[in-house]
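Okay, entry-v9.cif now, which holds mmCIF, C-alpha atoms:
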data_run
#
loop_
_atom_site.label_atom_id
_atom_site.label_comp_id
_atom_site.auth_asym_id
_atom_site.auth_seq_id
_atom_site.Cartn_x
_atom_site.Cartn_y
_atom_site.Cartn_z
CA MET A 210 48.51 -33.89 109.51
CA THR A 211 47.52 -31.06 107.20
CA SER A 212 46.15 -33.51 104.62
CA GLU A 213 43.42 -34.71 106.99
CA LYS A 214 39.89 -33.94 105.79
CA LYS A 215 37.95 -31.67 108.11
CA ILE A 216 34.43 -31.82 109.51
CA SER A 217 32.51 -29.51 111.84
CA PRO A 218 31.89 -30.15 115.54
CA ALA A 219 28.19 -30.66 114.79
CA GLN A 220 29.00 -33.35 112.22
CA LEU A 221 31.29 -35.20 114.62
CA MET A 222 28.68 -34.88 117.37
CA ILE A 223 26.08 -36.49 115.10
CA LEU A 224 28.39 -39.41 114.26
CA LEU A 225 28.96 -39.97 117.97
CA VAL A 226 25.20 -39.78 118.66
CA LEU A 227 24.45 -42.30 115.90
CA ALA A 228 26.91 -44.75 117.45
CA ARG A 229 25.12 -44.36 120.77
CA VAL A 230 21.70 -44.70 119.11
CA MET A 231 22.87 -47.90 117.45
CA HIS A 232 23.90 -49.30 120.81
CA THR A 233 20.50 -48.33 122.22
CA MET A 234 18.71 -49.91 119.29
CA ILE A 235 20.32 -53.32 119.77
CA PHE A 236 20.22 -53.17 123.56
CA ARG A 237 18.21 -56.18 124.68
CA SER A 238 16.76 -56.38 128.17
CA GLU A 239 15.40 -59.56 129.69
CA ARG A 240 14.54 -57.81 132.96
CA PHE A 241 13.90 -54.13 132.44
CA GLY A 242 12.22 -53.45 135.80
CA THR A 243 11.60 -49.89 136.87
CA GLY A 244 13.13 -47.05 134.88
CA VAL A 245 13.89 -44.75 137.80
CA PRO A 246 17.25 -46.37 138.71
CA MET A 247 18.26 -46.28 135.04
CA MET A 248 17.24 -42.65 134.62
CA LEU A 249 19.22 -41.61 137.69
CA GLY A 250 22.11 -43.88 136.70
CA LEU A 251 22.21 -42.20 133.30
CA LEU A 252 22.55 -38.79 134.94
CA LEU A 253 25.48 -39.95 137.07
CA SER A 254 27.27 -41.78 134.27
CA THR A 255 26.88 -38.80 131.93
CA ALA A 256 28.45 -36.52 134.54
CA ILE A 257 31.36 -38.97 134.88
CA GLU A 258 31.74 -39.11 131.09
CA ALA A 259 32.02 -35.32 131.02
CA VAL A 260 35.00 -35.55 133.38
CA LEU A 261 36.56 -38.43 131.43
CA ALA A 262 36.29 -36.40 128.22
CA LEU A 263 38.44 -33.55 129.56
CA PRO A 264 41.85 -35.00 128.55
CA ALA A 265 40.81 -35.40 124.90
CA VAL A 266 38.99 -32.06 124.83
CA ILE A 267 41.97 -30.20 126.31
CA TYR A 268 44.41 -31.96 123.99
CA PHE A 269 42.55 -31.06 120.80
CA THR A 270 41.72 -27.56 122.07
CA CYS A 271 45.46 -26.98 122.56
CA GLY A 272 46.03 -27.82 118.91
CA GLY A 273 46.87 -31.50 119.21
CA SER A 274 46.72 -33.78 116.18
CA ASP A 275 46.39 -37.57 116.26
CA PRO A 276 47.09 -38.39 119.95
CA ALA A 277 48.45 -41.88 119.15
CA GLU A 278 50.91 -40.52 116.60
CA TYR A 279 51.92 -37.56 118.74
CA LEU A 280 52.43 -39.65 121.87
CA ALA A 281 54.35 -42.54 120.33
CA GLY A 282 56.08 -40.80 117.44
CA ARG A 283 57.23 -43.22 114.74
CA PHE A 284 55.80 -46.06 116.81
CA GLY A 285 52.41 -44.38 116.78
CA VAL A 286 51.17 -46.70 114.05
CA TRP A 287 51.21 -49.55 116.57
CA LEU A 288 49.14 -47.54 119.01
CA ARG A 289 46.76 -46.82 116.16
CA VAL A 290 46.53 -50.57 115.60
CA LEU A 291 45.13 -50.87 119.13
CA TYR A 292 42.36 -48.45 118.15
CA SER A 293 41.77 -50.51 115.01
CA GLY A 294 41.56 -53.76 116.96
CA TYR A 295 39.21 -52.25 119.51
CA PHE A 296 36.80 -50.92 116.90
CA ALA A 297 37.02 -54.11 114.88
CA VAL A 298 35.53 -55.89 117.90
CA ILE A 299 32.98 -53.12 118.52
CA GLY A 300 32.00 -53.08 114.85
CA GLY A 301 31.82 -56.86 114.67
CA ALA A 302 29.68 -57.07 117.80
CA THR A 303 27.38 -54.34 116.46
CA ALA A 304 26.85 -56.20 113.18
CA ALA A 305 26.36 -59.50 115.00
CA LEU A 306 23.81 -58.15 117.47
CA PHE A 307 21.89 -56.38 114.72
CA THR A 308 21.83 -59.66 112.82
CA GLY A 309 20.55 -61.33 115.96
CA PHE A 310 17.73 -58.80 116.06
CA LEU A 311 16.83 -59.54 112.44
CA GLU A 312 16.78 -63.25 113.13
CA SER A 313 14.63 -62.94 116.25
CA GLU A 314 12.05 -60.60 114.71
CA PHE A 315 12.11 -61.58 111.03
CA ALA A 316 13.22 -65.21 111.11
CA ASP A 317 11.14 -66.25 108.08
CA ILE A 318 12.71 -63.75 105.70
CA THR A 319 16.25 -63.42 106.99
CA ARG A 320 19.35 -65.54 106.43
CA PRO A 321 21.60 -64.21 109.22
CA LEU A 322 25.03 -64.71 107.69
CA ILE A 323 23.95 -63.34 104.33
CA ALA A 324 22.42 -60.29 106.02
CA MET A 325 25.63 -59.82 108.00
CA ALA A 326 27.76 -60.00 104.85
CA LEU A 327 25.55 -57.57 102.93
CA LEU A 328 25.53 -55.12 105.81
CA THR A 329 29.31 -55.21 106.14
CA ALA A 330 29.81 -54.87 102.38
CA ALA A 331 27.54 -51.81 102.29
CA ALA A 332 29.42 -50.30 105.24
CA ALA A 333 32.77 -50.94 103.52
CA TYR A 334 31.54 -49.16 100.39
CA CYS A 335 30.32 -46.18 102.44
CA SER A 336 33.61 -45.95 104.36
CA CYS A 337 35.47 -45.45 101.08
CA GLY A 338 33.74 -42.09 100.77
CA GLY A 339 35.91 -40.76 103.58
CA ILE A 340 35.04 -38.90 106.74
CA GLU A 341 33.35 -36.00 104.93
CA GLY A 342 30.98 -38.34 103.09
CA LEU A 343 30.23 -40.23 106.30
CA ALA A 344 29.53 -36.97 108.11
CA ARG A 345 27.07 -35.83 105.44
CA ALA A 346 25.34 -39.21 105.41
CA GLY A 347 25.24 -39.20 109.21
CA ALA A 348 23.26 -35.95 109.23
CA VAL A 349 20.57 -37.51 107.03
CA VAL A 350 20.40 -40.67 109.15
CA PHE A 351 20.18 -38.64 112.35
CA TRP A 352 17.15 -36.71 111.10
CA LEU A 353 15.52 -39.96 109.98
CA PHE A 354 15.91 -41.29 113.50
CA ALA A 355 14.78 -38.02 115.10
CA VAL A 356 11.60 -37.86 113.01
CA LEU A 357 10.83 -41.54 113.62
CA PHE A 358 11.36 -41.18 117.37
CA ALA A 359 9.20 -38.05 117.55
CA VAL A 360 6.41 -39.64 115.51
CA MET A 361 6.41 -42.82 117.60
CA ALA A 362 6.18 -40.76 120.77
CA ALA A 363 3.39 -38.59 119.35
CA VAL A 364 1.15 -41.40 118.03
CA ASN A 365 1.82 -43.91 120.76
CA GLU A 366 -1.43 -45.48 121.93
CA GLY A 367 -0.08 -46.76 125.21
CA GLY A 368 -1.43 -45.12 128.32
CA PHE A 369 0.91 -43.13 130.54
CA ASP A 370 0.99 -44.61 134.03
CA MET A 371 3.03 -42.48 136.39
CA LEU A 372 2.75 -45.20 139.03
CA ASN A 373 5.47 -46.99 137.07
CA PHE A 374 7.90 -44.38 138.43
CA SER A 375 8.21 -45.84 141.89
CA PRO A 376 10.78 -44.10 144.13
CA MET A 377 14.21 -45.68 144.18
CA THR A 378 14.95 -47.69 147.30
CA SER A 379 17.98 -49.52 148.66
CA SER A 380 16.87 -52.65 146.81
CA ASP A 381 17.26 -50.76 143.52
CA MET A 382 20.92 -49.89 144.15
CA PRO A 383 22.32 -52.99 142.37
CA VAL A 384 20.31 -52.06 139.25
CA PHE A 385 21.44 -48.44 139.56
CA TRP A 386 25.16 -49.23 139.84
CA ARG A 387 24.99 -51.93 137.17
CA TYR A 388 23.48 -49.46 134.72
CA VAL A 389 26.08 -46.81 135.61
CA PHE A 390 28.89 -49.26 134.85
CA GLU A 391 27.22 -50.58 131.70
CA ASN A 392 26.72 -47.03 130.46
CA LEU A 393 30.33 -46.05 131.18
CA SER A 394 31.68 -49.21 129.54
CA SER A 395 29.67 -48.29 126.45
CA ALA A 396 31.27 -44.82 126.23
CA TRP A 397 33.46 -45.79 123.28
CA TRP A 398 32.67 -42.37 121.89
CA LEU A 399 35.79 -41.31 123.81
CA PRO A 400 38.15 -43.50 121.73
CA MET A 401 36.12 -42.41 118.68
CA LEU A 402 36.80 -38.79 119.62
CA CYS A 403 40.53 -39.54 119.83
CA ALA A 404 40.50 -41.29 116.45
CA LEU A 405 38.33 -38.72 114.65
CA GLY A 406 39.23 -35.54 116.54
CA VAL A 407 42.08 -34.88 114.12
CA HIS A 408 39.42 -34.20 111.48
CA LEU A 409 37.83 -31.39 113.49
CA LYS A 410 38.20 -27.91 112.12
CA LYS A 411 37.91 -26.75 115.73
CA GLY A 412 35.50 -27.16 118.62
CA ALA A 413 36.38 -30.41 120.38
CA ALA A 414 34.54 -29.14 123.47
CA ALA A 415 31.42 -28.31 121.46
CA ALA A 416 31.41 -31.76 119.83
CA SER A 417 32.02 -33.61 123.10
CA PHE A 418 29.68 -31.79 125.45
CA GLY A 419 27.11 -31.31 122.71
CA TYR A 420 27.11 -35.08 122.28
CA LEU A 421 26.70 -35.66 126.00
CA GLY A 422 23.79 -33.24 126.21
CA LEU A 423 22.02 -34.69 123.17
CA LYS A 424 22.65 -38.25 124.29
CA LEU A 425 21.25 -37.45 127.72
CA ILE A 426 18.08 -35.91 126.26
CA ILE A 427 17.45 -38.75 123.80
CA THR A 428 18.15 -41.57 126.23
CA GLU A 429 16.28 -40.02 129.14
CA ALA A 430 13.28 -39.42 126.86
CA LEU A 431 13.41 -43.04 125.72
CA LEU A 432 13.67 -44.32 129.29
CA PHE A 433 10.77 -42.09 130.33
CA LEU A 434 8.54 -43.30 127.50
CA ILE A 435 9.40 -46.96 128.05
CA THR A 436 8.80 -46.72 131.78
CA ALA A 437 5.58 -44.69 131.54
CA VAL A 438 4.02 -46.55 128.62
CA LEU A 439 5.46 -50.06 128.55
CA ALA A 440 6.80 -50.95 132.00
CA GLY A 441 7.02 -54.76 132.07
CA TYR A 442 5.80 -55.22 128.48
CA VAL A 443 9.27 -54.44 127.19
CA ASP A 444 10.38 -57.78 128.64
CA VAL A 445 8.15 -59.55 126.12
CA LEU A 446 9.81 -58.09 123.03
CA GLY A 447 13.22 -57.54 124.62
CA TYR A 448 14.23 -54.56 122.46
CA PRO A 449 12.99 -51.32 124.10
CA ILE A 450 12.74 -49.17 120.94
CA PHE A 451 11.10 -52.02 119.04
CA ALA A 452 8.60 -52.44 121.89
CA LEU A 453 7.84 -48.71 121.79
CA GLY A 454 7.14 -48.97 118.06
CA ALA A 455 4.66 -51.78 118.66
CA TYR A 456 2.39 -49.32 120.49
CA ALA A 457 2.79 -46.56 117.88
CA LYS A 458 -0.05 -46.45 115.33
CA SER A 459 -1.62 -43.89 113.05
CA ASP A 460 -4.31 -43.73 110.38
CA PHE A 461 -1.68 -44.33 107.72
CA ILE A 462 0.71 -46.66 109.54
CA GLN A 463 -0.70 -49.46 111.67
CA ARG A 464 2.66 -50.83 112.80
CA PHE A 465 6.06 -49.16 112.87
CA ASP A 466 8.02 -52.43 112.86
CA ALA A 467 9.13 -52.24 109.22
CA ILE A 468 10.00 -48.54 109.45
CA ASN A 469 11.95 -49.23 112.63
CA MET A 470 13.90 -51.96 110.88
CA LEU A 471 14.65 -49.71 107.89
CA VAL A 472 16.04 -46.91 110.06
CA TRP A 473 17.98 -49.42 112.16
CA ALA A 474 19.53 -50.96 109.05
CA ILE A 475 20.55 -47.59 107.59
CA ASN A 476 22.00 -46.48 110.90
CA CYS A 477 23.85 -49.79 111.36
CA VAL A 478 25.47 -49.41 107.93
CA THR A 479 26.47 -45.81 108.69
CA VAL A 480 27.90 -46.53 112.12
CA THR A 481 29.72 -49.68 110.97
CA ALA A 482 31.17 -47.63 108.10
CA VAL A 483 32.59 -45.15 110.63
CA TYR A 484 34.14 -48.04 112.57
CA ILE A 485 35.65 -49.44 109.37
CA TYR A 486 37.05 -46.01 108.54
CA ILE A 487 38.73 -45.84 111.96
CA ILE A 488 40.05 -49.40 111.61
CA SER A 489 41.62 -48.66 108.23
CA LYS A 490 43.30 -45.39 109.30
CA PRO A 491 46.76 -46.95 109.97
CA ALA A 492 46.80 -48.03 106.31
CA GLY A 493 45.59 -44.66 105.05
CA SER A 494 41.86 -45.45 104.72
CA ALA A 495 42.31 -46.38 101.04
CA PRO A 496 39.67 -48.67 99.42
CA PRO A 497 41.83 -51.83 99.77
CA ALA A 498 42.38 -51.03 103.46
CA CYS A 499 38.64 -50.49 103.94
CA ALA A 500 37.95 -53.84 102.28
CA VAL A 501 40.40 -55.66 104.55
CA SER A 502 39.00 -53.86 107.59
CA ALA A 503 35.47 -54.83 106.58
CA LEU A 504 36.54 -58.45 106.24
CA ALA A 505 37.97 -58.34 109.78
CA VAL A 506 34.68 -56.89 111.05
CA LEU A 507 32.72 -59.61 109.24
CA LEU A 508 34.86 -62.41 110.69
CA ILE A 509 34.52 -61.01 114.20
CA ALA A 510 30.78 -60.53 113.67
CA ALA A 511 30.39 -64.17 112.64
CA ALA A 512 32.36 -65.32 115.69
CA VAL A 513 30.32 -63.11 118.05
CA TYR A 514 27.08 -64.28 116.44
CA ARG A 515 28.00 -67.95 116.77
CA SER A 516 29.15 -67.52 120.37
CA GLY A 517 25.98 -65.71 121.45
CA LEU A 518 28.04 -62.94 123.09
CA LYS A 519 26.09 -59.89 124.27
CA PHE A 520 27.20 -56.32 125.01
CA ASP A 521 26.39 -56.80 128.69
CA ASP A 522 28.29 -60.07 129.15
CA PRO A 523 30.88 -59.60 131.95
CA ALA A 524 33.94 -60.29 129.78
CA PHE A 525 32.73 -57.92 127.09
CA LEU A 526 31.91 -55.23 129.65
CA ILE A 527 35.48 -55.39 130.94
CA PHE A 528 36.89 -55.29 127.39
CA LYS A 529 34.79 -52.24 126.48
CA ALA A 530 35.63 -50.44 129.73
CA ALA A 531 39.37 -51.11 129.31
CA GLY A 532 39.27 -49.65 125.81
CA VAL A 533 37.43 -46.56 127.04
CA VAL A 534 39.92 -45.94 129.84
CA ILE A 535 43.13 -46.72 127.93
CA LEU A 536 42.32 -45.42 124.44
CA GLY A 537 39.80 -42.74 125.35
CA VAL A 538 41.30 -41.28 128.54
CA LEU A 539 44.91 -42.32 129.22
CA VAL A 540 46.26 -41.87 125.69
CA PRO A 541 44.94 -38.30 125.22
CA PHE A 542 45.92 -37.49 128.82
CA ALA A 543 49.54 -38.54 128.21
CA ALA A 544 49.57 -36.82 124.80
CA GLY A 545 48.16 -33.66 126.37
CA ILE A 546 50.84 -33.62 129.07
CA LYS A 547 53.50 -34.03 126.40
CA LEU A 548 51.99 -31.24 124.28
CA ILE A 549 51.66 -28.81 127.18
CA CYS A 550 55.23 -29.48 128.35
CA LYS A 551 56.53 -28.93 124.82
CA LYS A 552 54.67 -25.62 124.52
CA ARG A 553 56.03 -24.46 127.84
CA ARG A 554 59.61 -25.34 126.83
CA ASN A 555 59.21 -23.52 123.54
CA GLY A 556 57.70 -20.54 125.35
CA ALA A 557 60.62 -20.47 127.74
#

The structure given in the file should be rewritten as structure tokens.
Amino acid sequence: MTSEKKISPAQLMILLVLARVMHTMIFRSERFGTGVPMMLGLLLSTAIEAVLALPAVIYFTCGGSDPAEYLAGRFGVWLRVLYSGYFAVIGGATAALFTGFLESEFADITRPLIAMALLTAAAAYCSCGGIEGLARAGAVVFWLFAVLFAVMAAVNEGGFDMLNFSPMTSSDMPVFWRYVFENLSSAWWLPMLCALGVHLKKGAAAASFGYLGLKLIITEALLFLITAVLAGYVDVLGYPIFALGAYAKSDFIQRFDAINMLVWAINCVTVTAVYIYIISKPAGSAPPACAVSALAVLLIAAAVYRSGLKFDDPAFLIFKAAGVVILGVLVPFAAGIKLICKKRRNGA
């Protein structure tokens, strides 16, 4: 695997954060309720994610390469295909749900299927630049998001009402546990780490735990702002970040809707490009493979869009969680056991 391009832990961490930010952007809540159960649920799920990340972190720290290839040998390509299939669905659902957002908020100017095709085509083009190009682009997109988020928080005209933070009671436990499971099922950064960890120069632990820390800060800050400023108003618009932008105004910018959409679109292209890159890896990530992978994402996106499937639908939750456990935990765990046993035999 010496021909693999290399990126830094910080670059991988940013790509993982952008994938999480994209999920947060297109998260739609019909019944947000109080934010306290979600904030506490996020703390618990993040702690669990830190434990689940240990197999992959230990494997790459011990010098492991592609865990699918190392575990299955010459049959590793078929295990890689499982990663490709998983991220084809994740990428397709991401494109479909972003298209659904465009249709719901900008119905008069958006043709959904055309927008979906253009988005996927742009992502396919970006994926041809390889992991180094995606990592550099990801850094720019991350700072765009960070500046936008900071500005929206600073110029938000909504009043802070700390009474919205009512103490969690036994009646809030269903919301708490549902959010914990939803958050864990959305931890496909673990399979991403397994697929992209081979590109790390070093520092799998720094990338993984740095991601968890940054994700926790960003998401907790968002939950705090939404709860303190918006409370039930988020139910009207459905999209929490979009609702937050509706209250953000300045002397120069009266509404942040268009800027929100621009950053969302750029981030969606970047994240989908990373998914397409992962999907095409069994074929070498060459331009023809990226094109075929993008076509698969587009077809899945169209099917998800037509079906009305959402990230929090029960069947999709189970699918996501199964991918996280099998591809993000069990595969690197088995590969790590194999690697450690081999090193001990060689040492003996």

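Distance check against Ile340 of chain A using all atoms listed in the file: of A:Ala482, A:Leu432, A:Leu280, A:Val384, the minimum falls on A:Ala482.
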
_Computed interatomic separation between atom CA of Val286 of chain A and atom CA of Phe542 of chain A (Å)_ = 18.2 Å

*Name the residues that the PyMOL selection byres ((chain A and resi 321-335) around 7) pulls out of this structure, and write them as a count of residues only.*
17

*Care to translate the PyMOL selection byres ((chain A and resi 545) around 9) into actual residues of this file, as a PyMOL selection string?*
chain A and resi 264-265+267-269+271+273+276+280+540-544+546-550

_Separation of atom CA of Ala404 of chain A from atom CA of Val472 of chain A, in Å and rounded to one decimal_ =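 Separation between atom CA of Ala404 of chain A and atom CA of Val472 of chain A: 25.9 Å.
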
*asked:* Just checking: using all atoms listed in the file, which residue out of A:Met470, A:Leu405, A:Ala305, A:Pro523 ends up closest to Phe354 of chain A?
replied: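 Looking only at the distances to Phe354 of chain A, the closest residue turns out to be A:Met470.
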
*Give the answer as one residue: which of A:Met234, A:Leu399, A:Ile435, A:Val356 has the shortest atom-to-atom distance to Ala413 of chain A, using all atoms listed in the file?*
A:Leu399

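Residue nearest Leu357 of chain A, chosen from A:Leu471, A:Ala437, A:Pro246, A:Asn392 and counting all atoms listed in the file: A:Leu471.
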
*Please provide the set of residues having any atom within 10 Å of Ala344 of chain A, restricted to all atoms listed in the file, with same-chain residues fewer than 2 positions apart removed, written as a PyMOL selection string.*
chain A and resi 215-217+219-224+338-342+346-350+479+483

_Could you check the closest approach to Gly517 of chain A for each of A:Ile475, A:Leu306, A:Met401, A:Val438 and tell me which residue wins, using only C-alpha atoms?_
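Closest to Gly517 of chain A, using only C-alpha atoms: A:Leu306.
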
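Residue selection for this entry, given the PyMOL selection byres ((chain A and resi 386) around 10), comprises A:Pro246, A:Met247, A:Leu249, A:Gly250, A:Leu253, A:Ser254, A:Asp381, A:Met382, A:Pro383, A:Val384, A:Phe385, A:Arg387, A:Tyr388, A:Val389, A:Phe390, A:Glu391, A:Asn392.
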
*Between A:Gly300, A:Gly244, A:Gly294, A:Pro400, which is the closest to Val538 of chain A once you count all atoms listed in the file?*
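Among the listed residues, the smallest separation from Val538 of chain A belongs to A:Pro400.
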
_Need to verify the contact set: Leu518 of chain A, 12 Å, only C-alpha atoms, exclusion of same-chain residues closer than 2 positions in sequence. Can you return it as a ChimeraX atom specification?_
/A:298-299,301-303,305-306,309,509-516,520-526

*Between atom CA of Arg345 of chain A and atom CA of Gly532 of chain A, distance in Å (one decimal)*: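 Pair atom CA of Arg345 of chain A / atom CA of Gly532 of chain A returns 27.5 Å.
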
*Sphere at (32.1, -32.6, 125.9), radius 12 Å, counting all atoms listed in the file: residues as a ChimeraX atom specification*: /A:218-219,221-222,225,255-267,269-270,398-399,402,412-424
